[in-house]
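Working notes, beginning with the structure itself.
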Amino acid sequence: MASYGERPGWRRARRTLYVVLGLGMFIPVAAFVVAYFMVDVPDPNALAASLNQPVTLYYADGSTLYTKSTEGAHAVVSWDQIPQTMKNAQMAAEDETFMTNSGFDLKAILRTVYNRLTGGTGGGSTIGQEYVKKATGNDDATLKRKFVEMVESYKMTRTYSKEDILTAYLNTVYFGRGAYGISAAARAYYNEDVSKLTTEQSALLAGLVQLPGQADNTAYQQRRYSYVMGRLLANHWITQAEYASAQFPAPVPNGAKNGGPNLADRQYIVSEAFAELAAAGYSEQSLTASGAKIYLTIQPDAQQKAEQAVQKIMAADTAYPDEGSALVSANPQTGEILAYYGGNGSTAYDLATTPQQPGSSFKPYVLAAGVRAQPDKIGLDTVYDGSDNQTIAGQLVHNSDGEGSPQITVKDAMTQSVNTVFYRMGADVGVSAVRQAAWDAGIPKQITTSLGATFDSLQNDDPATGKGTGTTELGIAIGQYPVRPLDQAQGYATFAANGMYVPLHLVARVTDDSGNPVYGFTTAPKKAFSDDAATNSAIASIVTQSMTDVASSSGDGLSGARPNAAKTGTAQFGNTGHNSEAWMVGFTPQVVTAVWFGNVKQPAPIYGNYHNGKGREHGYDVYGREEPGYIWQAYMDAYLSGKPVQSFPQAPDLTTPTTTPPPPPSTSEAVPPPPPSSPSEPPSPTETPPSRPRHPFPPPPPTCLPGDCPGEQPSTTSVSRHHPVR
């Protein structure tokens, strides 16, 4: 009688298993052998030559803005010219087994597969595989591509020596700052010959290869430097004493990013264009390899007018050399950016993509949220208690310059920028509704600064991780959370386009050097605030009409009384009584323009000398109505000169009429304003009866404990992490 292990069924199962295992091993090996004889090994010299193709950027009229040639940024060096510490650092950063592996690391590949299956991250590519990827330009996230890349890398190790491969890699890899190859990187980051790089400098440069787009992000630099130094120690390429005594090698300032000093202020256009294409999946290296021709939306005439407007106003403020401005202007119907001014060229960071507190220029999003949430109650004629010094949701709210009155319409409150009205409105509809309205208008949910750092917008941060907590304070209603000038231009463009969102963009299309299309902007407009076209249009129209008297009342109206909608904004510098940020954002149906004014180096008080309609003429505290308002006015008048005057569509009234008389102001929530002392103060309620009753909603319960609630004008120092590291 046969034993259990000798049963015929089990014998057949074992044979089948052996066959499956054999085929499982034979088929991949056979495929590997076939692929080995079919693939071509990338030629290091050919790759170096491809990196020297120029990339040209053109204005909207076809004239040349800039030709980016890498000949000056890419120099080939020999194995002997590269210090051993740099070779060790690159292997420590990317491929510790490089000198002994066969072109691929099976353990690293299996680890990567496991990480991906379990939701983790991390790559398993060797230096040979990375070189193949760069040489072929093929970075498709497919198993077929990875398999071919592995075969090519293996074949390279049979064709070239390890020294040749590592030298070729270090001569062609991109380190950021427009530097291809280690020689160019040594110059770009340390103004030094490659042969003189220290261990610390080598560690930082090697670490930057992972994400060269983040190369000027100080936090990223520190993180990658620490990682590479740790791996150098673990592999015994440096001693414990060298590791303990090492200090972070801060790079030299990058004051001529993507274009050099000859571009001056227009260097930021070049940088933002490359950043926009990178976000769309087109790396700077791939564009260089194809000799790309990049066609921008920037109009040379509009750009010149923007620069002239800034220079005209800023010329009066030379006594304050650290003050500067940013301007973004676009066609709200198409999303095409017409003019882009990120500063005068003196900073490595672009002021147009540097987040700042928007102050009252954020109030239109509050109104959009209010109309969307309570269209029957909130409209242009809805009357609120706009008196000064009210306690709302446990927070004492103050009106700047004491504007407001016990009974004021929403339109007048927007014109006079009455904080208490919009703080109350934000409390009524909820901070989540305000945040969502801003996101829907076009404020990004994740904002990227000009130096590459990102943060979750319009919410508090977790101090430990730097990520958004998902919680938002009521201070959002008066601009507590920072946004970029580019974001404000985007959000207001949605209002100007009658509620249709079109992404603002600098790049219209891209071709290769032969004229073949590579990329084109094709995003269609979409309804921002409601799927119902009439409702969506009504929300945008109401917000637009609320702002039609702001510019004229601030002294910033357009020539010929041209219809416009605009909003000023100001953020205070702590509790000093001075201001640190000032804004003017506004539009006509044809063009939207956002202007920011502030200190370019750090949050600090800002003063002006150009013109002050309320007080002393020199050394005055700058509000949105002054320097930024005058820049906005000068640019808009110049750009719109000769263009037809267009009016905004009439805004519907969605509120439900009522004859209920307005109740008296709540003494428990408001401190009565002082009696009028000058004719310039708002008229009393008896002189101007409201067309609608005072806002009837009861005050909501406090959303935070006293002492922990947002202030009326939050200090910019509390969000200084959003500013560039100086």
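Within each chain, counting starts at residue 1; across the structure tokens, chains are named A, B, ... in the order shown, with ligands numbered 1 upward in that order.
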
As a ChimeraX atom specification, which residues of stretch 391-552 of chain A does DSSP assign to helix (DSSP H, G or I)?
/A:400-402,410-416,419-429,431-441,474-478,485-496,533-546,550-552

Excluding A:Tyr349 and residues on its chain fewer than 2 positions from it, collect all residues at most 8 Å away from it, counting only C-alpha atoms, and give them as a PyMOL selection string.
chain A and resi 347+351+354+450-451+724

Which residues come within 6 Å of stretch 452-467 of chain A, counting only C-alpha atoms, excluding same-chain residues fewer than 4 positions away, as a ChimeraX atom specification?
/A:214,217,445-448,471-472,481

So which one's closest to A:Arg231, A:Val194, A:Val600, A:Val328, A:Ala89? Using only C-alpha atoms, please.
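So, comparing all the options, the nearest one is A:Ala89.
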
Pick from A:Glu626, A:Asp350, A:Glu276, A:Asp61: nearest to A:Val507, with only C-alpha atoms counted?
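Once distances to A:Val507 are computed over only C-alpha atoms, the minimum belongs to A:Glu276.
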
Enumerate the residues of stretch 231-442 of chain A with a DSSP assignment of strand (DSSP E), computed from the backbone, and present them as a list in words.
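Those residues are Lys293, Ile294, Tyr295, Leu296, Glu323, Gly324, Ser325, Ala326, Leu327, Val328, Ser329, Ala330, Ile337, Leu338, Ala339, Tyr340, Tyr341, Val383, Tyr384, Gln390, Thr391, Ile392, Gln395, Leu396, Val397, Ile408 and Thr409 of chain A.
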
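Minimum atom-to-atom distance to A:Ala348, evaluated using only C-alpha atoms, belongs to A:Asp216 out of A:Asp621, A:Asp637, A:Asp95, A:Asp216.
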
Report, in Å with one decimal, the straight-line distance from atom CA of A:Ile408 to atom CA of A:Leu380.
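Computed distance, atom CA of A:Ile408 to atom CA of A:Leu380, equals 10.4 Å.
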
Which distance in Å separates atom CA of A:Gly491 and atom CA of A:Val429, to one decimal?
19.6 Å

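Checking A:His505, A:Lys68, A:Arg372, A:Lys567 one by one against A:Gly178, counting only C-alpha atoms, you find the shortest gap at A:Lys68.
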
One residue among A:Ala497, A:Ala634, A:Ile476, A:Ala184 is nearest to A:Gln436 when using only C-alpha atoms, and that residue is A:Ile476

For a quick check of understanding, using only C-alpha atoms, which of A:Val76, A:Gly281, A:Asn609, A:Tyr635 has the smallest distance to A:Gly181?
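The closest residue to A:Gly181 is A:Val76.
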
Can you pull out every residue within 8 Å of A:Gly520, counting only C-alpha atoms, but drop anything in the same chain fewer than 4 positions away, and send it as a CSV table (one decimal) with N, CA, C and O atoms, in the first residue's frame?
chain,number,residue,atom,x,y,z
A,507,VAL,N,2.1,79.8,-20.5
A,507,VAL,CA,2.5,79.0,-21.7
A,507,VAL,C,1.3,78.7,-22.5
A,507,VAL,O,0.3,78.0,-22.1
A,508,ALA,N,1.3,79.1,-23.8
A,508,ALA,CA,0.2,78.8,-24.7
A,508,ALA,C,0.5,77.5,-25.4
A,508,ALA,O,-0.4,76.6,-25.5
A,509,ARG,N,1.7,77.3,-25.9
A,509,ARG,CA,2.0,76.0,-26.6
A,509,ARG,C,3.5,75.8,-26.6
A,509,ARG,O,4.3,76.8,-26.4
A,510,VAL,N,4.0,74.6,-26.9
A,510,VAL,CA,5.4,74.2,-27.0
A,510,VAL,C,5.5,73.3,-28.2
A,510,VAL,O,4.7,72.4,-28.5

Considering only C-alpha atoms, return as a ChimeraX atom specification whatever protein or nucleic-acid residues lie within 8 Å of stretch 617-620 of chain A, sequence-local ones (same chain, fewer than 3 positions apart) excluded.
/A:607-612
